[in-house]
There are 4 protein chains.
Amino acid sequence: MYGSTFGNILKISTWGESHGAGLGVVVDGCPAGLPLSEEDVQRYLNRRKPGQSRYATPRREEDAAEILSGVFEGKTTGTPISMMIRNKDQRSRDYSEIAGYYRPGHADYNYDQKYGFRDYRGGGRSSGRETIGRVAAGAIASKILEQLGITLSTYTLSIGPVAIDKGQFDETAIWENPFYMPDKAAALKAEEYLKTCMKDHNSSGGMIECIIKNVPGGLGEPAFEKLDANLGKAIFSIGAVKAVEIGDGLQAAEATGLTNNDPYACDTKGSVRKLSNHAGGITGGISDGCNTDIILRAAIKPTPSIAAPQQTVNRDGENIEITIKGRHDPVIVPRAVVVVESMAALVIADALLGSMTSRMDKIIKFFR
Amino acid sequence: MYGSTFGNILKISTWGESHGAGLGVVVDGCPAGLPLSEEDVQRYLNRRKPGQSRYATPRREEDAAEILSGVFEGKTTGTPISMMIRNKDQRSRDYSEIAGYYRPGHADYNYDQKYGFRDYRGGGRSSGRETIGRVAAGAIASKILEQLGITLSTYTLSIGPVAIDKGQFDETAIWENPFYMPDKAAALKAEEYLKTCMKDHNSSGGMIECIIKNVPGGLGEPAFEKLDANLGKAIFSIGAVKAVEIGDGLQAAEATGLTNNDPYACDTKGSVRKLSNHAGGITGGISDGCNTDIILRAAIKPTPSIAAPQQTVNRDGENIEITIKGRHDPVIVPRAVVVVESMAALVIADALLGSMTSRMDKIIKFFR
Amino acid sequence: MYGSTFGNILKISTWGESHGAGLGVVVDGCPAGLPLSEEDVQRYLNRRKPGQSRYATPRREEDAAEILSGVFEGKTTGTPISMMIRNKDQRSRDYSEIAGYYRPGHADYNYDQKYGFRDYRGGGRSSGRETIGRVAAGAIASKILEQLGITLSTYTLSIGPVAIDKGQFDETAIWENPFYMPDKAAALKAEEYLKTCMKDHNSSGGMIECIIKNVPGGLGEPAFEKLDANLGKAIFSIGAVKAVEIGDGLQAAEATGLTNNDPYACDTKGSVRKLSNHAGGITGGISDGCNTDIILRAAIKPTPSIAAPQQTVNRDGENIEITIKGRHDPVIVPRAVVVVESMAALVIADALLGSMTSRMDKIIKFFR
Amino acid sequence: MYGSTFGNILKISTWGESHGAGLGVVVDGCPAGLPLSEEDVQRYLNRRKPGQSRYATPRREEDAAEILSGVFEGKTTGTPISMMIRNKDQRSRDYSEIAGYYRPGHADYNYDQKYGFRDYRGGGRSSGRETIGRVAAGAIASKILEQLGITLSTYTLSIGPVAIDKGQFDETAIWENPFYMPDKAAALKAEEYLKTCMKDHNSSGGMIECIIKNVPGGLGEPAFEKLDANLGKAIFSIGAVKAVEIGDGLQAAEATGLTNNDPYACDTKGSVRKLSNHAGGITGGISDGCNTDIILRAAIKPTPSIAAPQQTVNRDGENIEITIKGRHDPVIVPRAVVVVESMAALVIADALLGSMTSRMDKIIKFFR
C-alpha cells in the first residue's frame with residue numbers, strides 16, 4: 001500500500017533514498033497565486049542540511065532544491081509543484097558492509113521482513129534524508145500560513161538530560177547556536193554533553209517544541225480529523241519520534257479538572273480569551289482561535305548509528321558484534337527541528353483549507 | 001470537510017450525538033467470512049457502558065448494539081456493516097442551561113467558532129458518547145486480529161498520581177476492579193484518591209497502556225503511513241488524549257544510543273529476537289515481527305465537567321461563574337480503556353490488510 | 001477493500017441489503033447551517049420508490065427515511081448525518097431458490113467469486129435497493145446546490161427504441177407520466193413498447209439525461225479530479241449503467257475540430273458566452289461557468305430479471321434452465337432517473353466545496 | 001484541492017507542464033520485487049512520443065524517462081518510484097500570443113476562471129503532455145499485470161467516420177500503421193481522411209478500444225469502487241474523452257433482457273463460461289473471471305487546435321477572430337491509445353491489489 005502520501009486537501013508525495021539519484025516531493029493542491037521561489041524552499045532546507053557543525057554528519061550535500069513545475073512567473077499556478085534535490089555525496093562504499101546484517105535501532109530488519117530485501121545503502125528510504133521532501137513541502141505550507149499571519153516557532157527543548165530553562169527563554173538565541181536552543185547557557189551545556197557522547201562513541205536523544213501563533217478558530221474536524229490527531233500522525237511519522245505531547249501533554253494525566261481546565265474571560269473589548277493554556281490551543285480537536293497558541297512537543301530518540309560495538313545478527317542468522325563506521329550525527333534533534341516545523345505547517349495549512357467548507361452561510365457568501 | 005471517517009482499507013464512519021436518536025458506525029472493507037454476532041460487539045460496548053460503578057456517570061444506557069447490514073448467516077459478507085445504538089436516557093433538561101455559555105475544558109466555544117452554533121445537548125458530537133461507534137467497530141477489528149492470533153491487552157496505568165507497580169503486574173486483576181488496573185493495591189489507592197476528588201467537586205486524569213502481541217512483521221508503510229504514525233493519530237483522535245508514547249516514549253529523549261538501541265540475537269532455533277524492547281515493537285514505522293510486543297500509552301486529561309464553580313464567558317460576551325450540574329464521570333480513564341484498545345485494533349487490522357500488497361512474489365502466489 | 005464510500009470532501013458511506021434490516025447512508029462533511037428535514041429527503045426517495053406504476057416492481061415499501069444525527073433544530077450541524085430506511089416487505093421466500101444458481105445479467109456469480117459466498121436474498125448488496133442511500137444523500141447535495149442557485153433536471157431520454165423528440169421537449173411533462181419523459185407522445189409509445197416486453201417476459205433498457213444549470217466556473221481539478229471524470233465514476237457506479245456521455249458524447253468521435261469547438265463571444269454587457277455547447281459545460285475537466293449547462297447521459301441496460309426461461313449453471317457446475325419468479329421492473333430507467341440526479345448532485349456539490357481552496361487571494365479574503 | 005493524485009492502493013501523482021522544466025510521476029504503493037528498467041518505461045512512452053508520423057505534432061521530444069527512486073539492482077523496492085521526463089523542445093515564442101485570448105475547445109478560459117491566471121505556454125498543465133506521467137506509471141502497472149498473465153490490447157477503432165471492419169480485425173496490423181488500427185484497409189482510408197482534414201486546417205476525433213484478458217474474478221468492490229466506475233473515471237480523466245462505454249455500451253440502452261443477458265454454461269471440464277459478453281467482463285462492478293474479456297471504449301474529441309480561423313474573445317472582453325499557429329496533431333487518437341491503456345492498467349492493478357483483502361480465509365492463509 002502507498003505510504004509516502006500525506007494530507008487531505010493539500011496532498012504531498014515524497015520520494016527518494018539516501019543514496020539514490022535524489023529526493024523530492026510533489027505538492028498537489030497548493031492554491032494558485034502564492035508567491036514562491038527556490039530561495040523560499042532553500043531557506044527551509046538549509047536548516048536541515050548536514051555538515052553545518054561538528055555535531056552533525058560531515059556528509060557534504062548542498063541539498064539544492066529545483067522547482068520543476070507548478071510555478072509560473074514567480075507564483076504558484078494551482079497545479080502540482082514538483083521539487084527535486086539531487087544527491088551529490090553518495091559514498092556507497094561506506095555502506096556496503098551493512099547489506100549483510102541488521103543494525104540495532106534501524107529499520108534494516110523490518111524492511112527485510114516487509115519487502116524480502118532492501119536498498120541497504122545508507123538506510124535507503126528509511127534514512128533521515130527522506131525528510132528532505134517534507135521540508136521542501138513544509139516551506140510551501142509555511143508560505144501559505146504566512147499569508148494569513150500564522151507563524152511557527154520551533155526549537156530544541158532538551159538534548160539528553162540538558163533542558164532549557166523556560167525562565168531564560170530567548171527567541172533570538174535559537175539562531176545563534178548549532179542546536180537551535182532558545183537558551184544560550186543550555187546550549188553550552190548541551191555542547192559539553194555531546195562531546196562526552198562522541199568521546200564514548202555514543203549518541204543522544206532530545207525534545208523539540210513547536211509553537212504556532214495566530215491560528216484562526218475552527219480548524220480541525222470532529223472525531224478523526226481532529227487537529228491534534230493529524231498533528232500527532234504528522235509528528236509520529238518522523239522516523240525517530242517516540243512521543244508527542246499537545247499542551248500540558250503527559251502532565252495532564254496527573255492533573256485535576258480544577259487545575260487543567262482553561263477558564264474563559266472577556267477582555268474590555270469583548271473578545272474572548274483563555275486565562276491559561278493547558279490544552280495547547282486545541283479543544284475537541286478544533287483550534288481555539290482566541291489568544292492561545294498551539295503547543296506541541298516531540299521526543300526524539302538517540303541516533304541509532306553509534307561507533308561503539310553492538311550485538312546483532314546477520315542475514316544468515318548468526319550472532320555477531322558490529323561497529324558502525326561512516327558519518328553520523330551524534331544527535332539528530334537540531335536537524336529535526338525544521339522537520340517538525342514542516343510537518344506542523346503542513347497539517348495546519350491542510351486543516352485551514354479544509355475548514356473553509358464548514359458553514360453554509362460562508363460558502364454562500366464565498367460564491368456570491 | 002469530512003471528519004468522522006477513518007482508515008485506509010478498513011474504513012469506518014461514525015455518527016451520532018450525545019442526546020440525538022442514537023449513535024453508530026458503518027464499517028466498510030471488512031473481509032467476508034468473519035464470524036460476527038451482536039454479542040461480539042456487545043462485549044466490547046459493555047466495557048465502556050456508563051453506570052457500572054460509582055466512579056462513572058450514572059446515566060442509564062443499555063448501549064445495545066444492533067447490526068443492520070453486512071452479516072448473513074452469522075458471517076460477514078464483505079459489504080458494509082452498519083451498527084446502531086439507540087440513545088435511551090436523554091435527559092435534555094439537564095443540559096439546556098449550557099446552551100448559552102462555554103464550559104471550560106469542553107469544545108463548546110470551538111464548535112461555535114467553527115459552525116456558528118452547536119447542538120449543545122450533552123456536548124452533541126463532541127461528547128464522549130461519540131466513541132460508541134469506535135468501540136463497535138473496534139470489536140470487529142479485534143475479531144479480525146483474533147483470527148490471526150493477534151491479541152490486545154489494555155489497562156489503566158495510573159489515575160492522577162496513583163500509578164500501578166509494574167513489579168506487581170497482574171493481568172487478571174484488570175477485570176476485578178472498576179478501574180481496569182492490573183494491580184489490586186493500586187486500584188484501592190485510586191479509589192481513595194477519587195473519593196477525595198469527588199468530595200472536592202473535582203476530577204482526575206490518568207494513563208492507559210496497550211500491549212499488542214503476536215503482530216506479524218512488516219505491518220506499516222514507510223514515511224507517512226508508519227504504524228506508529230497511525231497509532232498516534234488514532235489515539236490522539238480520542239477526545240481527552242493529550243500525549244501518546246510508543247515504547248520508551250518520552251524517556252527516549254533522555255536516553256543514549258547505547259541504552260536505547262535494541263540488540264538483536266538469534267536463539268538456538270535460528271529465529272531472530274530482540275534482547276530489549278525500547279522501541280515498542282516498531283522500527284522505521286514497521287512492525288518488528290520478532291518477539292517484541294507493540295507498546296503504547298495515552299495520557300488522558302481530567303474530566304472537564306466538574307461540580308466546582310468555574311469562571312467563563314457566555315455567548316453575550318459577559319464574564320460569568322458557572323457550576324456544572326448533571327451526571328459526570330470523576331475520571332474517564334477506565335471507560336476510555338476499551339476506546340484506546342478499539343482504535344489500536346482498527347489501526348493494526350488496517351495495516352495488516354494493507355501489508356498484503358508489499359511483495360510481488362507473495363502477490364503472485366496469492367493469485368495462483 | 002472499502003467500496004461503499006464516495007466523495008472527497010462531502011463523503012458518503014452507504015450500507016444495506018435488499019432483504020436485510022434496512023438501508024442507509026452516513027453523509028460526512030455536510031456544511032453546518034443547511035436547513036434540512038426528513039421531508040426534503042423523502043421527496044427524493046419517493047421518486048425511486050417501488051410500486052408506483054404497473055411498470056415498476058409491485059414490492060410494497062414506504063421507504064421512509066429517518067434522520068438519526070447531524071441535524072439540530074432544523075439545520076445541519078456540520079457533523080455526520082446518518083439516515084436509515086427500514087425494509088418492510090422482505091419476502092425472503094421468493095428468493096430462496098436463487099441461492100443455488102447464477103442468474104444471467106446479475107452479480108451472483110461475481111460475488112461468489114469474490115467473497116466465497118453471498119447474501120442471495122434479492123441480490124443482497126448488489127440489488128438496486130442499494131441506491132436508496134445514494135438518493136437520501138443526493139437529496140442533501142441538491143439542497144446545498146439549491147442554496148447557490150444550481151439546479152438539476154433529469155429525465156428519461158429513451159426506453160428501448162422509443163426516444164423523445166427533442167423538438168417536443170416539455171419540462172412539465174416529466175412529472176406527468178410514469179417514465180419521467182419530457183415528451184407526452186413518446187411516453188405513450190414507451191408504454192406500448194413496455195406492454196409488449198412484459199407480454200414477452202422480457203425487459204427494456206433506456207437512456208437518462210441530466211442537465212445542470214448555473215454551475216459556477218472553476219469546479220473540478222486538473223488531471224484526475226476532473227469534473228467529468230468524477231461524474232463518469234459516479235454514474236458508472238450505478239449498477240446498470242453501460243455508457244456515459246458528456247456533451248456531444250460519442251458523436252464527438254465523428255466530429256471535426258471546426259464543428260466541435262465551442263466559439264466564445266461577449267455579449268453587450270461584456271460577459272463571456274459560448275455560442276454552442278458541444279463540450280457539455282466542462283472543458284479541461286473544469287466547469288465553464290458561462291452560459292453553458294452541464295449535460296450528461298447514461299445508458300441503462302435492460303433489467304436482467306426476466307420471466308422468460310434462461311440458460312445458466314448452478315453452484316454444482318451443472319447446466320440448467322431457469323425461470324426467475326418474483327416481482328421485477330420491466331424497465332428500471334424511470335426509477336434510476338433520481339439515482340443519476342443524486343450522483344450528479346453529489347459530484348457537483350463535492351467539486352464546489354473543493355474549488356474553494358483554488359486561489360490564495362480568495363482564501364485570504366475568506367479568513368479576513 | 002489536489003487533483004493530480006489517483007488510485008486507492010497503487011497511488012500515482014503526476015506533475016508537469018507543457019513548457020516547464022519537465023513532467024513526471026511518483027508511483028507510490030508498487031509492490032517490491034518487480035523487475036523494472038528505464039527501457040520498460042521507455043517502450044510505453046515511445047508509443048505516445050510526438051513527431052513519429054506526419055499525422056502527429058512535429059514537436060521534437062525524446063521523452064526519455066529517468067527513474068529517480070524506488071528501484072534497486074533492477075527491482076522495485078516497495079518505496080515510491082519517481083520518474084522524470086525533461087522537456088527539450090520548449091518553443092515558448094510559439095505560444096506567447098495565446099496568453100491574451102481564449103482558444104475554443106481548450107481549457108484556457110476555465111483555468112482563468114478557476115485560478116485567476118494561467119501558465120499559457122502550450123496549455124500548461126491542461127496540455128496533452130500531462131499524460132506523460134500517466135504513461136510512465138502505466139508501464140509499471142502493465143508490468144505488475146504481466147506477472148499475473150493479464151494482458152492489455154488497445155487500438156484505434158475509428159478516426160472520424162472511418163471505422164475498422166471488425167471482421168477484418170488483425171492484431172499485428174496495430175503496429176504497422178501510424179494510427180494503431182487493427183485493419184490495414186481502414187488505416188489507409190483514415191490516412192486519406194486526415195489528409196483532407198489537414199488541407200482544410202481542420203482536425204478529427206475518433207474511438208479507442210481496450211481489451212483486457214485473463215483478469216481474475218473478484219476485482220472491484222460493490223457500490224462506488226466498482227471496476228467499471230474506476231475505469232470510467234480513469235478514462236474520462238483523459239482530457240479529450242467525451243464518452244466511455246463498457247461492453248455493449250450505448251447499445252445496451254436499446255437492447256432487451258433476453259438479448260443483453262449473458263447466459264452461463266459449464267464446459268466439459270466443469271469450468272464456468274459465459275456464452276456471450278454483452279457486459280464487457282464486469283457484472284455488478286466486479287470482474288467475471290471466467291472466459292470474458294474486459295472491453296471498454298473511449299470517444300475522443302477532435303484536436304481543438306486547428307489552423308482555420310475561429311471566433312473567440314480576449315481577456316479584455318472583446319470579440320476577436322484568431323488563427324492558431326504552431327505544431328498540432330490533426331488527430332490525437334493514435335497517441336491517446338497508450339494513454340487509455342495506461343489508465344486501464346492502473347485501474348486493474350489497483351483493483352487487483354485491493355481485492356486481496358476480500359476474504360478472511362485467504363487472509364489467514366496468506367499470513368500463515
# chains A, B, ... in the order shown; residues from 1 in each chain; ligands from 1
call {"tool": "residues_around", "arguments": {"residues": "Ser305 in chain A", "least_positions_apart": "4", "cutoff": "10 Å", "atoms": "only C-alpha atoms", "output": "PyMOL selection string"}}
result
(chain A and resi 103-106+201-203+323-331) or (chain B and resi 257-258+261)
call {"tool": "write_last_selection", "arguments": {"atoms": "all heavy atoms", "output": "CSV table (one decimal), in the first residue's frame"}}
result
chain,number,residue,atom,x,y,z
A,103,ARG,N,21.3,-3.5,11.7
A,103,ARG,CA,21.8,-2.5,12.7
A,103,ARG,C,20.8,-2.3,13.8
A,103,ARG,O,19.6,-1.9,13.5
A,103,ARG,CB,22.1,-1.2,12.0
A,103,ARG,CG,23.3,-1.3,11.0
A,103,ARG,CD,23.4,0.0,10.2
A,103,ARG,NE,22.1,0.2,9.4
A,103,ARG,CZ,21.8,1.3,8.8
A,103,ARG,NH1,22.5,2.4,8.9
A,103,ARG,NH2,20.7,1.3,8.1
A,104,PRO,N,21.1,-2.4,15.0
A,104,PRO,CA,20.2,-2.2,16.1
A,104,PRO,C,19.7,-0.7,16.0
A,104,PRO,O,20.4,0.2,15.7
A,104,PRO,CB,21.0,-2.4,17.4
A,104,PRO,CG,22.1,-3.4,17.0
A,104,PRO,CD,22.4,-3.0,15.6
A,105,GLY,N,18.4,-0.6,16.3
A,105,GLY,CA,17.8,0.8,16.3
A,105,GLY,C,17.4,1.3,14.9
A,105,GLY,O,16.7,2.3,14.7
A,106,HIS,N,17.8,0.5,13.8
A,106,HIS,CA,17.5,0.9,12.5
A,106,HIS,C,16.4,0.0,11.9
A,106,HIS,O,16.0,-1.0,12.6
A,106,HIS,CB,18.7,0.8,11.6
A,106,HIS,CG,19.6,2.0,11.7
A,106,HIS,ND1,19.4,3.2,11.0
A,106,HIS,CD2,20.8,2.1,12.3
A,106,HIS,CE1,20.3,4.0,11.3
A,106,HIS,NE2,21.2,3.4,12.1
A,201,HIS,N,31.7,7.2,21.8
A,201,HIS,CA,31.1,6.6,20.7
A,201,HIS,C,29.6,6.4,20.9
A,201,HIS,O,29.0,5.4,20.5
A,201,HIS,CB,31.7,5.2,20.3
A,201,HIS,CG,33.2,5.4,20.1
A,201,HIS,ND1,33.8,6.2,19.2
A,201,HIS,CD2,34.3,4.7,20.7
A,201,HIS,CE1,35.1,6.1,19.2
A,201,HIS,NE2,35.4,5.2,20.2
A,202,ASN,N,29.0,7.3,21.5
A,202,ASN,CA,27.6,7.2,21.9
A,202,ASN,C,26.8,8.4,21.2
A,202,ASN,O,27.4,9.2,20.5
A,202,ASN,CB,27.5,7.3,23.4
A,202,ASN,CG,26.2,6.6,24.0
A,202,ASN,OD1,25.3,6.3,23.2
A,202,ASN,ND2,26.2,6.4,25.3
A,203,SER,N,25.5,8.4,21.5
A,203,SER,CA,24.7,9.5,20.9
A,203,SER,C,23.6,9.9,21.9
A,203,SER,O,23.4,9.2,22.9
A,203,SER,CB,24.0,8.9,19.6
A,203,SER,OG,23.1,7.8,19.9
A,323,THR,N,30.6,-2.9,14.5
A,323,THR,CA,30.9,-1.5,14.8
A,323,THR,C,30.6,-0.7,13.6
A,323,THR,O,31.2,-0.9,12.5
A,323,THR,CB,32.4,-1.3,15.1
A,323,THR,OG1,32.8,-2.3,16.2
A,323,THR,CG2,32.8,0.1,15.6
A,324,ILE,N,29.7,0.2,13.7
A,324,ILE,CA,29.2,1.0,12.6
A,324,ILE,C,30.2,2.1,12.2
A,324,ILE,O,30.6,2.9,13.1
A,324,ILE,CB,27.8,1.6,12.8
A,324,ILE,CG1,26.8,0.5,13.0
A,324,ILE,CG2,27.4,2.6,11.7
A,324,ILE,CD1,25.4,0.9,13.4
A,325,LYS,N,30.6,2.1,11.0
A,325,LYS,CA,31.5,3.2,10.5
A,325,LYS,C,30.7,4.2,9.8
A,325,LYS,O,29.5,4.2,9.7
A,325,LYS,CB,32.6,2.6,9.6
A,325,LYS,CG,33.5,1.6,10.3
A,325,LYS,CD,34.5,1.0,9.4
A,325,LYS,CE,35.2,-0.2,10.1
A,325,LYS,NZ,34.5,-1.5,9.8
A,326,GLY,N,31.4,5.2,9.3
A,326,GLY,CA,30.8,6.2,8.5
A,326,GLY,C,30.5,7.5,9.2
A,326,GLY,O,31.0,7.7,10.4
A,327,ARG,N,29.7,8.3,8.6
A,327,ARG,CA,29.5,9.7,9.1
A,327,ARG,C,28.1,9.8,9.8
A,327,ARG,O,27.1,9.7,9.1
A,327,ARG,CB,29.6,10.7,8.0
A,327,ARG,CG,30.9,10.5,7.2
A,327,ARG,CD,30.7,11.0,5.7
A,327,ARG,NE,29.7,10.2,5.0
A,327,ARG,CZ,29.2,10.5,3.8
A,327,ARG,NH1,29.5,11.6,3.2
A,327,ARG,NH2,28.4,9.7,3.2
A,328,HIS,N,28.0,10.1,11.0
A,328,HIS,CA,26.7,10.1,11.7
A,328,HIS,C,26.6,11.3,12.6
A,328,HIS,O,27.6,11.7,13.2
A,328,HIS,CB,26.5,8.8,12.4
A,328,HIS,CG,26.6,7.6,11.5
A,328,HIS,ND1,25.6,7.3,10.6
A,328,HIS,CD2,27.5,6.7,11.3
A,328,HIS,CE1,26.0,6.3,9.9
A,328,HIS,NE2,27.1,5.9,10.3
A,329,ASP,N,25.4,11.7,12.8
A,329,ASP,CA,25.1,12.8,13.8
A,329,ASP,C,25.1,12.2,15.2
A,329,ASP,O,24.4,11.2,15.4
A,329,ASP,CB,23.7,13.3,13.5
A,329,ASP,CG,23.5,13.9,12.1
A,329,ASP,OD1,23.2,13.1,11.2
A,329,ASP,OD2,23.6,15.1,11.9
A,330,PRO,N,25.8,12.8,16.1
A,330,PRO,CA,25.7,12.4,17.5
A,330,PRO,C,24.4,12.7,18.1
A,330,PRO,O,24.0,12.0,19.1
A,330,PRO,CB,26.8,13.2,18.2
A,330,PRO,CG,27.1,14.4,17.3
A,330,PRO,CD,26.8,13.9,15.9
A,331,VAL,N,23.7,13.6,17.5
A,331,VAL,CA,22.3,13.9,17.9
A,331,VAL,C,21.6,14.4,16.7
A,331,VAL,O,22.1,15.2,15.9
A,331,VAL,CB,22.3,15.0,19.0
A,331,VAL,CG1,22.9,16.3,18.6
A,331,VAL,CG2,20.9,15.1,19.6
B,257,GLY,N,22.2,6.3,22.6
B,257,GLY,CA,22.1,5.2,21.7
B,257,GLY,C,22.4,3.9,22.3
B,257,GLY,O,21.8,2.9,22.0
B,258,LEU,N,23.4,3.9,23.1
B,258,LEU,CA,23.9,2.6,23.7
B,258,LEU,C,22.8,2.0,24.6
B,258,LEU,O,22.6,0.8,24.6
B,258,LEU,CB,25.1,2.8,24.6
B,258,LEU,CG,26.4,2.7,23.9
B,258,LEU,CD1,27.6,3.2,24.8
B,258,LEU,CD2,26.7,1.3,23.4
B,261,ASN,N,19.1,1.6,21.9
B,261,ASN,CA,19.1,0.6,20.8
B,261,ASN,C,18.7,-0.8,21.3
B,261,ASN,O,19.2,-1.2,22.4
B,261,ASN,CB,20.5,0.5,20.1
B,261,ASN,CG,20.7,1.6,19.1
B,261,ASN,OD1,19.8,2.4,18.8
B,261,ASN,ND2,21.9,1.7,18.6
call {"tool": "interface_residues", "arguments": {"of": "chain C", "to": "chain A", "cutoff": "9 Å", "atoms": "only C-alpha atoms", "output": "PyMOL selection string"}}
result
chain C and resi 8-9+29-34+77-79+144+147-148+216+221-222+353-354+356-364+366-368
call {"tool": "residues_around", "arguments": {"residues": "range 50-55 of chain B", "least_positions_apart": "4", "cutoff": "9 Å", "atoms": "only C-alpha atoms", "output": "NGL selection string"}}
result
:B and (46 or 59-63 or 178-179 or 191 or 194-195 or 198 or 328-332 or 335)
call {"tool": "atom_distance", "arguments": {"atom1": "CA of Ala229 in chain C", "atom2": "CA of Thr151 in chain D"}}
result
24.5 Å
call {"tool": "residues_around", "arguments": {"residues": "Asn177 in chain A", "least_positions_apart": "2", "cutoff": "10 Å", "atoms": "only C-alpha atoms", "output": "list in words"}}
result
Ser53, Thr172, Ala173, Ile174, Trp175, Phe179, Tyr180, Met181, Pro182, Asp183, Lys184, Ala187, Leu188, Glu191 and Pro334 of chain A
call {"tool": "select_by_dssp", "arguments": {"residues": "range 114-361 of chain A", "states": "strand (DSSP E or B)", "output": "PyMOL selection string"}}
result
chain A and resi 151-159+162-163+204+206-213+241-246+256+264-266+272-274+282-283+286-287+294-300+310-314+319-322+359
call {"tool": "residues_around", "arguments": {"residues": "Pro161 in chain A", "least_positions_apart": "4", "cutoff": "9 Å", "atoms": "only C-alpha atoms", "output": "PyMOL selection string"}}
result
(chain A and resi 190+193+205-206) or (chain B and resi 253-255)
call {"tool": "write_last_selection", "arguments": {"atoms": "N, CA, C and O atoms", "output": "mmCIF file, in the first residue's frame"}}
result
data_model
loop_
_atom_site.group_PDB
_atom_site.id
_atom_site.type_symbol
_atom_site.label_atom_id
_atom_site.label_comp_id
_atom_site.auth_asym_id
_atom_site.auth_seq_id
_atom_site.Cartn_x
_atom_site.Cartn_y
_atom_site.Cartn_z
ATOM 1 N N ALA A 190 24.757 21.662 26.558
ATOM 2 C CA ALA A 190 24.455 20.593 25.589
ATOM 3 C C ALA A 190 25.714 20.232 24.808
ATOM 4 O O ALA A 190 25.985 19.060 24.525
ATOM 5 N N TYR A 193 27.820 18.065 26.867
ATOM 6 C CA TYR A 193 27.237 16.732 26.954
ATOM 7 C C TYR A 193 27.498 15.932 25.680
ATOM 8 O O TYR A 193 27.863 14.747 25.724
ATOM 9 N N GLY A 205 19.435 11.585 22.603
ATOM 10 C CA GLY A 205 18.100 11.999 22.172
ATOM 11 C C GLY A 205 17.819 13.420 22.608
ATOM 12 O O GLY A 205 18.730 14.137 23.035
ATOM 13 N N GLY A 206 16.557 13.814 22.522
ATOM 14 C CA GLY A 206 16.194 15.162 22.943
ATOM 15 C C GLY A 206 14.749 15.498 22.639
ATOM 16 O O GLY A 206 14.016 14.668 22.089
ATOM 17 N N ALA B 253 13.996 10.526 24.900
ATOM 18 C CA ALA B 253 14.639 11.829 24.708
ATOM 19 C C ALA B 253 15.833 12.004 25.632
ATOM 20 O O ALA B 253 16.766 12.751 25.332
ATOM 21 N N GLU B 254 15.817 11.301 26.764
ATOM 22 C CA GLU B 254 16.925 11.428 27.714
ATOM 23 C C GLU B 254 17.941 10.296 27.580
ATOM 24 O O GLU B 254 18.967 10.291 28.258
ATOM 25 N N ALA B 255 17.613 9.328 26.741
ATOM 26 C CA ALA B 255 18.468 8.144 26.612
ATOM 27 C C ALA B 255 19.651 8.404 25.684
ATOM 28 O O ALA B 255 19.727 9.428 25.016
#
call {"tool": "select_by_dssp", "arguments": {"residues": "range 9-131 of chain C", "states": "alpha helix (DSSP H)", "output": "list in words"}}
result
Glu38, Glu39, Asp40, Val41, Gln42, Arg43, Tyr44, Leu45, Asn46, Asp108, Tyr109, Asn110, Tyr111, Asp112, Gln113, Lys114, Tyr115 and Thr131 of chain C
call {"tool": "closest_residue", "arguments": {"among": "B:Ala252, B:Ala345, B:Ile294, B:Val313", "to": "Gly270 in chain A", "atoms": "only C-alpha atoms"}}
result
B:Val313
call {"tool": "closest_residue", "arguments": {"among": "B:Ile320, B:Gly217, B:Ala308, B:Thr14", "to": "Gly116 in chain A", "atoms": "only C-alpha atoms"}}
result
B:Gly217
